[in-house]
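Coordinates as given in query-v5.cif (mmCIF, C-alpha atoms):
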```cif
data_work
loop_
_atom_site.group_PDB
_atom_site.id
_atom_site.type_symbol
_atom_site.label_atom_id
_atom_site.label_comp_id
_atom_site.auth_asym_id
_atom_site.auth_seq_id
_atom_site.Cartn_x
_atom_site.Cartn_y
_atom_site.Cartn_z
ATOM 1 C CA MET A 160 39.301 -27.016 -16.577
ATOM 2 C CA LYS A 161 38.139 -29.327 -19.362
ATOM 3 C CA PRO A 162 37.022 -32.195 -17.084
ATOM 4 C CA LEU A 163 35.000 -29.746 -14.996
ATOM 5 C CA SER A 164 33.224 -28.243 -18.014
ATOM 6 C CA PHE A 165 32.558 -31.763 -19.388
ATOM 7 C CA ILE A 166 30.882 -32.738 -16.112
ATOM 8 C CA PHE A 167 28.900 -29.487 -16.122
ATOM 9 C CA TYR A 168 27.624 -30.066 -19.691
ATOM 10 C CA THR A 169 26.794 -33.686 -18.914
ATOM 11 C CA VAL A 170 24.718 -32.639 -15.917
ATOM 12 C CA VAL A 171 22.955 -29.919 -17.941
ATOM 13 C CA ILE A 172 22.136 -32.288 -20.826
ATOM 14 C CA ALA A 173 20.919 -34.997 -18.452
ATOM 15 C CA THR A 174 18.749 -32.467 -16.645
ATOM 16 C CA ILE A 175 17.228 -31.238 -19.905
ATOM 17 C CA SER A 176 16.695 -34.758 -21.318
ATOM 18 C CA LEU A 177 15.159 -36.315 -18.228
ATOM 19 C CA PRO A 178 11.808 -34.478 -18.350
ATOM 20 C CA ALA A 179 11.442 -35.259 -22.065
ATOM 21 C CA ALA A 180 12.115 -38.963 -21.508
ATOM 22 C CA THR A 181 9.763 -39.035 -18.536
ATOM 23 C CA ASN A 182 7.112 -37.249 -20.582
ATOM 24 C CA CYS A 183 7.307 -39.907 -23.319
ATOM 25 C CA ARG A 184 6.882 -42.627 -20.743
ATOM 26 C CA VAL A 185 3.841 -40.881 -19.252
ATOM 27 C CA VAL A 186 2.228 -40.529 -22.690
ATOM 28 C CA LEU A 187 2.826 -44.229 -23.439
ATOM 29 C CA LEU A 188 1.452 -45.230 -20.052
ATOM 30 C CA ASN A 189 -1.575 -42.995 -20.560
ATOM 31 C CA LYS A 190 -2.309 -44.629 -23.933
ATOM 32 C CA ALA A 191 -1.986 -48.100 -22.391
ATOM 33 C CA ASN A 192 -4.249 -46.955 -19.575
ATOM 34 C CA LEU A 193 -6.759 -45.573 -22.090
ATOM 35 C CA ILE A 194 -6.971 -48.955 -23.799
ATOM 36 C CA GLU A 195 -7.277 -50.749 -20.477
ATOM 37 C CA GLU A 196 -9.877 -48.357 -19.053
ATOM 38 C CA THR A 197 -11.861 -48.354 -22.291
ATOM 39 C CA CYS A 198 -11.806 -52.139 -22.560
ATOM 40 C CA LYS A 199 -12.854 -52.588 -18.921
ATOM 41 C CA GLN A 200 -16.234 -51.191 -19.921
ATOM 42 C CA THR A 201 -16.826 -53.802 -22.630
ATOM 43 C CA PRO A 202 -18.294 -57.315 -22.404
ATOM 44 C CA HIS A 203 -15.096 -58.880 -23.799
ATOM 45 C CA GLN A 204 -12.267 -57.042 -22.045
ATOM 46 C CA ASN A 205 -9.438 -59.408 -23.019
ATOM 47 C CA LEU A 206 -10.510 -59.527 -26.657
ATOM 48 C CA CYS A 207 -10.703 -55.729 -26.694
ATOM 49 C CA ILE A 208 -7.221 -55.321 -25.220
ATOM 50 C CA GLN A 209 -5.827 -57.942 -27.602
ATOM 51 C CA TYR A 210 -7.054 -56.184 -30.748
ATOM 52 C CA LEU A 211 -6.345 -52.629 -29.656
ATOM 53 C CA SER A 212 -2.897 -53.366 -28.244
ATOM 54 C CA SER A 213 -1.851 -55.144 -31.428
ATOM 55 C CA ASP A 214 -2.791 -52.208 -33.672
ATOM 56 C CA PRO A 215 -0.091 -49.514 -33.862
ATOM 57 C CA ARG A 216 -2.723 -46.831 -34.565
ATOM 58 C CA SER A 217 -4.003 -47.204 -31.006
ATOM 59 C CA ALA A 218 -0.867 -45.503 -29.667
ATOM 60 C CA ASP A 219 -2.147 -42.133 -30.898
ATOM 61 C CA ALA A 220 -5.879 -42.803 -30.644
ATOM 62 C CA ASP A 221 -8.551 -41.328 -28.433
ATOM 63 C CA ILE A 222 -11.712 -43.341 -27.652
ATOM 64 C CA ALA A 223 -13.232 -42.512 -31.044
ATOM 65 C CA GLY A 224 -10.018 -43.693 -32.690
ATOM 66 C CA LEU A 225 -10.099 -46.919 -30.687
ATOM 67 C CA ALA A 226 -13.698 -47.422 -31.833
ATOM 68 C CA LEU A 227 -12.638 -46.940 -35.471
ATOM 69 C CA ILE A 228 -9.920 -49.540 -35.032
ATOM 70 C CA MET A 229 -12.500 -51.990 -33.693
ATOM 71 C CA VAL A 230 -14.884 -51.233 -36.579
ATOM 72 C CA ASN A 231 -12.064 -52.291 -38.879
ATOM 73 C CA VAL A 232 -11.781 -55.522 -36.895
ATOM 74 C CA ILE A 233 -15.511 -56.112 -37.519
ATOM 75 C CA LYS A 234 -14.797 -55.592 -41.218
ATOM 76 C CA THR A 235 -11.969 -58.142 -41.135
ATOM 77 C CA LYS A 236 -14.104 -60.698 -39.288
ATOM 78 C CA ALA A 237 -16.984 -60.214 -41.744
ATOM 79 C CA ASN A 238 -14.664 -60.668 -44.728
ATOM 80 C CA ASN A 239 -13.251 -63.838 -43.153
ATOM 81 C CA ALA A 240 -16.782 -65.167 -42.684
ATOM 82 C CA LEU A 241 -17.700 -64.355 -46.294
ATOM 83 C CA ASP A 242 -14.602 -66.193 -47.529
ATOM 84 C CA LYS A 243 -15.589 -69.272 -45.546
ATOM 85 C CA ILE A 244 -19.195 -69.041 -46.766
ATOM 86 C CA GLN A 245 -17.972 -69.029 -50.381
ATOM 87 C CA GLN A 246 -15.831 -72.118 -49.710
ATOM 88 C CA LEU A 247 -18.742 -73.905 -48.055
ATOM 89 C CA LEU A 248 -21.148 -72.991 -50.858
ATOM 90 C CA GLN A 249 -18.808 -74.561 -53.402
ATOM 91 C CA GLY A 250 -18.698 -77.837 -51.491
ATOM 92 C CA SER A 251 -22.269 -77.987 -50.217
ATOM 93 C CA HIS A 252 -24.838 -80.258 -51.840
ATOM 94 C CA GLU A 253 -27.577 -80.075 -49.230
ATOM 95 C CA HIS A 254 -30.347 -77.627 -50.172
ATOM 96 C CA SER A 255 -31.132 -76.421 -46.629
ATOM 97 C CA GLN A 256 -27.460 -75.751 -45.912
ATOM 98 C CA LYS A 257 -27.053 -73.853 -49.188
ATOM 99 C CA GLU A 258 -30.066 -71.713 -48.281
ATOM 100 C CA ALA A 259 -28.673 -70.938 -44.835
ATOM 101 C CA LEU A 260 -25.229 -70.175 -46.275
ATOM 102 C CA SER A 261 -26.738 -67.877 -48.913
ATOM 103 C CA SER A 262 -28.706 -66.101 -46.204
ATOM 104 C CA CYS A 263 -25.508 -65.701 -44.177
ATOM 105 C CA ALA A 264 -23.706 -64.306 -47.218
ATOM 106 C CA GLY A 265 -26.409 -61.648 -47.464
ATOM 107 C CA ARG A 266 -26.122 -60.874 -43.780
ATOM 108 C CA TYR A 267 -22.352 -60.485 -43.939
ATOM 109 C CA LYS A 268 -22.642 -58.281 -47.027
ATOM 110 C CA THR A 269 -25.047 -56.138 -44.999
ATOM 111 C CA ILE A 270 -22.466 -55.944 -42.208
ATOM 112 C CA LEU A 271 -19.832 -54.769 -44.677
ATOM 113 C CA GLU A 272 -21.906 -52.494 -46.889
ATOM 114 C CA ALA A 273 -24.275 -50.990 -44.320
ATOM 115 C CA ASP A 274 -23.266 -51.560 -40.693
ATOM 116 C CA VAL A 275 -19.502 -51.010 -40.980
ATOM 117 C CA ALA A 276 -19.971 -48.134 -43.424
ATOM 118 C CA GLN A 277 -22.517 -46.509 -41.082
ATOM 119 C CA ALA A 278 -20.257 -46.894 -38.051
ATOM 120 C CA ILE A 279 -17.214 -45.443 -39.814
ATOM 121 C CA ALA A 280 -19.132 -42.483 -41.240
ATOM 122 C CA ALA A 281 -20.820 -41.762 -37.911
ATOM 123 C CA LEU A 282 -17.559 -41.882 -35.953
ATOM 124 C CA LYS A 283 -15.868 -39.567 -38.439
ATOM 125 C CA LYS A 284 -18.802 -37.127 -38.198
ATOM 126 C CA GLY A 285 -18.800 -37.277 -34.395
ATOM 127 C CA ASP A 286 -22.203 -38.995 -34.220
ATOM 128 C CA PRO A 287 -21.596 -41.932 -31.871
ATOM 129 C CA LYS A 288 -25.248 -43.020 -31.606
ATOM 130 C CA PHE A 289 -25.366 -44.078 -35.268
ATOM 131 C CA ALA A 290 -21.954 -45.730 -34.897
ATOM 132 C CA GLU A 291 -23.249 -47.724 -31.933
ATOM 133 C CA ASP A 292 -26.298 -48.756 -33.960
ATOM 134 C CA GLY A 293 -24.059 -49.972 -36.799
ATOM 135 C CA ALA A 294 -21.919 -52.056 -34.448
ATOM 136 C CA ASN A 295 -24.938 -53.524 -32.675
ATOM 137 C CA ASP A 296 -26.619 -54.312 -35.999
ATOM 138 C CA ALA A 297 -23.497 -56.224 -37.058
ATOM 139 C CA ALA A 298 -23.777 -58.330 -33.886
ATOM 140 C CA VAL A 299 -27.438 -59.068 -34.651
ATOM 141 C CA GLU A 300 -26.603 -60.101 -38.225
ATOM 142 C CA ALA A 301 -23.936 -62.542 -37.008
ATOM 143 C CA THR A 302 -26.344 -64.057 -34.470
ATOM 144 C CA SER A 303 -29.068 -64.330 -37.111
ATOM 145 C CA CYS A 304 -26.662 -66.172 -39.391
ATOM 146 C CA GLU A 305 -25.846 -68.607 -36.598
ATOM 147 C CA ASN A 306 -29.519 -69.225 -35.873
ATOM 148 C CA GLY A 307 -30.358 -69.762 -39.550
ATOM 149 C CA PHE A 308 -29.040 -73.308 -39.631
ATOM 150 C CA SER A 309 -31.160 -76.317 -38.778
ATOM 151 C CA GLY A 310 -28.706 -78.212 -36.658
ATOM 152 C CA LYS A 311 -25.055 -77.323 -36.166
ATOM 153 C CA SER A 312 -23.787 -74.259 -37.981
ATOM 154 C CA PRO A 313 -20.514 -74.588 -39.908
ATOM 155 C CA LEU A 314 -19.926 -70.883 -39.194
ATOM 156 C CA THR A 315 -20.104 -70.902 -35.397
ATOM 157 C CA ASN A 316 -16.525 -69.680 -34.930
ATOM 158 C CA GLU A 317 -16.900 -66.888 -37.481
ATOM 159 C CA ASN A 318 -20.321 -65.843 -36.185
ATOM 160 C CA ASN A 319 -19.154 -65.781 -32.568
ATOM 161 C CA ALA A 320 -16.000 -63.852 -33.461
ATOM 162 C CA THR A 321 -17.955 -61.257 -35.438
ATOM 163 C CA HIS A 322 -20.611 -60.964 -32.736
ATOM 164 C CA ASP A 323 -18.096 -60.553 -29.914
ATOM 165 C CA VAL A 324 -16.055 -57.921 -31.755
ATOM 166 C CA ALA A 325 -19.229 -56.061 -32.740
ATOM 167 C CA VAL A 326 -20.694 -55.892 -29.217
ATOM 168 C CA THR A 327 -17.280 -54.869 -27.898
ATOM 169 C CA THR A 328 -17.151 -52.103 -30.490
ATOM 170 C CA GLY A 329 -20.657 -50.990 -29.550
ATOM 171 C CA ALA A 330 -19.607 -50.777 -25.902
ATOM 172 C CA ILE A 331 -16.588 -48.639 -26.810
ATOM 173 C CA VAL A 332 -18.729 -46.312 -28.914
ATOM 174 C CA ARG A 333 -21.276 -46.048 -26.080
ATOM 175 C CA GLN A 334 -18.542 -44.402 -23.993
ATOM 176 C CA LEU A 335 -18.672 -41.480 -26.429
ATOM 177 C CA LEU A 336 -22.365 -40.798 -25.754
#
```

Starting from the file, give its structure as structure tokens.
Amino acid sequence: MKPLSFIFYTVVIATISLPAATNCRVVLLNKANLIEETCKQTPHQNLCIQYLSSDPRSADADIAGLALIMVNVIKTKANNALDKIQQLLQGSHEHSQKEALSSCAGRYKTILEADVAQAIAALKKGDPKFAEDGANDAAVEATSCENGFSGKSPLTNENNATHDVAVTTGAIVRQLL
């Protein structure tokens, strides 16, 4: 009798556990699909997927949550650019380059203090239009920094990275409108 009851309990437990395991898989697939579908509607799909997939918070995020994650990426990129600007200012002796670098420092401070702050506050309040404006303004600031140099910019990589993340973020936020 014992082997028969063991088989019965095994079948019952497997039957009960299977839907729960399948449900978890569906939720994980849906979150991966949300990232993929959201990122398909951005100008930099691969970049979008790369950042969102690497952030563990995206597993539980809706589109607004994904947008918040990307706003934090803008913040990281802007801080990286500011760090490089400070290094370049310490080593720069050319007046025109110092002027352009100082201008860029102001632009990146604006990204951090105004644009990122505006986007975060707007997303948390459920006001995506102002969040989109903040992200798009960050992209404009990065482009303006790049264009502020006479000749080759020493911040091209940082400016392009910030710009691309910002326009990608704006495109994600636009999906909330």

Residues within 12 Å of (-17.3, -52.9, -18.7), counting all atoms listed in the file, listed as a list in words: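 Within the cut-off we find Glu195, Glu196, Thr197, Cys198, Lys199, Gln200, Thr201, Pro202, His203, Gln204, Asn205, Cys207, Val326, Thr327, Thr328, Gly329, Ala330, Ile331, Arg333 and Gln334 of chain A.
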
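Nearest to A:Gln246 of all the residues A:Asn306, A:Pro313, A:Gln277, A:Arg216 is A:Pro313, based on only C-alpha atoms.
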
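One finds atom CA of A:Ala259 at 5.7 Å from atom CA of A:Gly307.
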
Report as an NGL selection string all protein, DNA and RNA residues lying within 12 Å of A:Lys257, evaluated on all atoms listed in the file, omitting residues in the same chain fewer than 3 positions from it. :A and (244-254 or 260-264 or 307-309 or 312-313)

Determine the residue set returned by the PyMOL selection byres ((chain A and resi 298) around 12) for the present structure, and present it as a tab-separated table (two decimals) with C-alpha atoms, in the frame of the given file.
```tsv
chain	number	residue	atom	x	y	z
A	230	VAL	CA	-14.88	-51.23	-36.58
A	233	ILE	CA	-15.51	-56.11	-37.52
A	234	LYS	CA	-14.80	-55.59	-41.22
A	236	LYS	CA	-14.10	-60.70	-39.29
A	237	ALA	CA	-16.98	-60.21	-41.74
A	266	ARG	CA	-26.12	-60.87	-43.78
A	267	TYR	CA	-22.35	-60.48	-43.94
A	269	THR	CA	-25.05	-56.14	-45.00
A	270	ILE	CA	-22.47	-55.94	-42.21
A	274	ASP	CA	-23.27	-51.56	-40.69
A	275	VAL	CA	-19.50	-51.01	-40.98
A	291	GLU	CA	-23.25	-47.72	-31.93
A	292	ASP	CA	-26.30	-48.76	-33.96
A	293	GLY	CA	-24.06	-49.97	-36.80
A	294	ALA	CA	-21.92	-52.06	-34.45
A	295	ASN	CA	-24.94	-53.52	-32.67
A	296	ASP	CA	-26.62	-54.31	-36.00
A	297	ALA	CA	-23.50	-56.22	-37.06
A	299	VAL	CA	-27.44	-59.07	-34.65
A	300	GLU	CA	-26.60	-60.10	-38.22
A	301	ALA	CA	-23.94	-62.54	-37.01
A	302	THR	CA	-26.34	-64.06	-34.47
A	303	SER	CA	-29.07	-64.33	-37.11
A	304	CYS	CA	-26.66	-66.17	-39.39
A	305	GLU	CA	-25.85	-68.61	-36.60
A	317	GLU	CA	-16.90	-66.89	-37.48
A	318	ASN	CA	-20.32	-65.84	-36.18
A	319	ASN	CA	-19.15	-65.78	-32.57
A	320	ALA	CA	-16.00	-63.85	-33.46
A	321	THR	CA	-17.95	-61.26	-35.44
A	322	HIS	CA	-20.61	-60.96	-32.74
A	323	ASP	CA	-18.10	-60.55	-29.91
A	324	VAL	CA	-16.06	-57.92	-31.76
A	325	ALA	CA	-19.23	-56.06	-32.74
A	326	VAL	CA	-20.69	-55.89	-29.22
A	327	THR	CA	-17.28	-54.87	-27.90
A	328	THR	CA	-17.15	-52.10	-30.49
A	329	GLY	CA	-20.66	-50.99	-29.55
A	330	ALA	CA	-19.61	-50.78	-25.90
```

Hey, can you check how far atom CA of A:Glu272 sits from atom CA of A:Phe289? 14.8 Å

Check the smallest atom-to-atom distance from each of A:Ala273, A:Leu335, A:Leu225, A:Ser213 to A:Ile194 using only C-alpha atoms, then report the winner.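 Smallest separation from A:Ile194 among the options: A:Leu225.
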
Box for stretch 241-253 of chain A: with edges along x, y and z, all listed atoms inside and 5 Å added on each side, what are the centre and edge lengths in Å to one decimal, as lines of an AutoDock Vina configuration file?
```
center_x = -21.1
center_y = -72.3
center_z = -49.5
size_x = 23.0
size_y = 25.9
size_z = 17.9
```

Any idea what the distance is between atom CA of A:Asn189 and atom CA of A:Leu211? 14.1 Å

Using all atoms listed in the file, the residue out of A:Gln209, A:Asn231, A:Asn192, A:Asn316 with shortest distance to A:Ile279 is A:Asn231

Could I get stretch 260-289 of chain A rebuilt with N, CA and C atoms, written as a short mmCIF file (atom, residue, chain, number, x, y, z; two decimals), in the coordinates of the input?
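And here's out.cif as it stands now:
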```
data_model
loop_
_atom_site.label_atom_id
_atom_site.label_comp_id
_atom_site.auth_asym_id
_atom_site.auth_seq_id
_atom_site.Cartn_x
_atom_site.Cartn_y
_atom_site.Cartn_z
N LEU A 260 -26.49 -70.82 -45.92
CA LEU A 260 -25.23 -70.18 -46.28
C LEU A 260 -25.47 -68.94 -47.14
N SER A 261 -26.41 -69.04 -48.07
CA SER A 261 -26.74 -67.88 -48.91
C SER A 261 -27.31 -66.74 -48.07
N SER A 262 -28.16 -67.10 -47.11
CA SER A 262 -28.71 -66.10 -46.20
C SER A 262 -27.58 -65.44 -45.41
N CYS A 263 -26.65 -66.24 -44.93
CA CYS A 263 -25.51 -65.70 -44.18
C CYS A 263 -24.65 -64.78 -45.05
N ALA A 264 -24.48 -65.16 -46.31
CA ALA A 264 -23.71 -64.31 -47.22
C ALA A 264 -24.37 -62.93 -47.31
N GLY A 265 -25.69 -62.92 -47.43
CA GLY A 265 -26.41 -61.65 -47.46
C GLY A 265 -26.24 -60.86 -46.18
N ARG A 266 -26.28 -61.56 -45.07
CA ARG A 266 -26.12 -60.87 -43.78
C ARG A 266 -24.73 -60.26 -43.63
N TYR A 267 -23.71 -61.01 -44.05
CA TYR A 267 -22.35 -60.48 -43.94
C TYR A 267 -22.10 -59.36 -44.94
N LYS A 268 -22.74 -59.41 -46.09
CA LYS A 268 -22.64 -58.28 -47.03
C LYS A 268 -23.30 -57.05 -46.41
N THR A 269 -24.40 -57.25 -45.70
CA THR A 269 -25.05 -56.14 -45.00
C THR A 269 -24.11 -55.55 -43.94
N ILE A 270 -23.43 -56.43 -43.21
CA ILE A 270 -22.47 -55.94 -42.21
C ILE A 270 -21.43 -55.05 -42.88
N LEU A 271 -20.89 -55.52 -44.01
CA LEU A 271 -19.83 -54.77 -44.68
C LEU A 271 -20.34 -53.50 -45.36
N GLU A 272 -21.44 -53.62 -46.07
CA GLU A 272 -21.91 -52.49 -46.89
C GLU A 272 -22.74 -51.48 -46.11
N ALA A 273 -23.41 -51.91 -45.07
CA ALA A 273 -24.28 -50.99 -44.32
C ALA A 273 -23.74 -50.72 -42.92
N ASP A 274 -23.60 -51.75 -42.11
CA ASP A 274 -23.27 -51.56 -40.69
C ASP A 274 -21.88 -50.95 -40.49
N VAL A 275 -20.87 -51.53 -41.12
CA VAL A 275 -19.50 -51.01 -40.98
C VAL A 275 -19.41 -49.61 -41.59
N ALA A 276 -20.00 -49.45 -42.77
CA ALA A 276 -19.97 -48.13 -43.42
C ALA A 276 -20.66 -47.08 -42.55
N GLN A 277 -21.79 -47.44 -41.96
CA GLN A 277 -22.52 -46.51 -41.08
C GLN A 277 -21.68 -46.15 -39.87
N ALA A 278 -21.05 -47.14 -39.26
CA ALA A 278 -20.26 -46.89 -38.05
C ALA A 278 -19.06 -46.00 -38.35
N ILE A 279 -18.38 -46.26 -39.45
CA ILE A 279 -17.21 -45.44 -39.81
C ILE A 279 -17.64 -44.01 -40.09
N ALA A 280 -18.66 -43.84 -40.90
CA ALA A 280 -19.13 -42.48 -41.24
C ALA A 280 -19.58 -41.74 -39.99
N ALA A 281 -20.31 -42.41 -39.12
CA ALA A 281 -20.82 -41.76 -37.91
C ALA A 281 -19.69 -41.36 -36.98
N LEU A 282 -18.69 -42.22 -36.82
CA LEU A 282 -17.56 -41.88 -35.95
C LEU A 282 -16.78 -40.70 -36.52
N LYS A 283 -16.61 -40.68 -37.82
CA LYS A 283 -15.87 -39.57 -38.44
C LYS A 283 -16.64 -38.26 -38.35
N LYS A 284 -17.97 -38.33 -38.33
CA LYS A 284 -18.80 -37.13 -38.20
C LYS A 284 -19.00 -36.72 -36.74
N GLY A 285 -18.58 -37.57 -35.81
CA GLY A 285 -18.80 -37.28 -34.40
C GLY A 285 -20.21 -37.59 -33.94
N ASP A 286 -20.83 -38.59 -34.56
CA ASP A 286 -22.20 -38.99 -34.22
C ASP A 286 -22.19 -40.43 -33.67
N PRO A 287 -21.79 -40.58 -32.41
CA PRO A 287 -21.60 -41.93 -31.87
C PRO A 287 -22.85 -42.80 -31.82
N LYS A 288 -24.03 -42.21 -31.71
CA LYS A 288 -25.25 -43.02 -31.61
C LYS A 288 -25.43 -43.89 -32.85
N PHE A 289 -25.23 -43.30 -34.04
CA PHE A 289 -25.37 -44.08 -35.27
C PHE A 289 -24.24 -45.10 -35.41
#
```
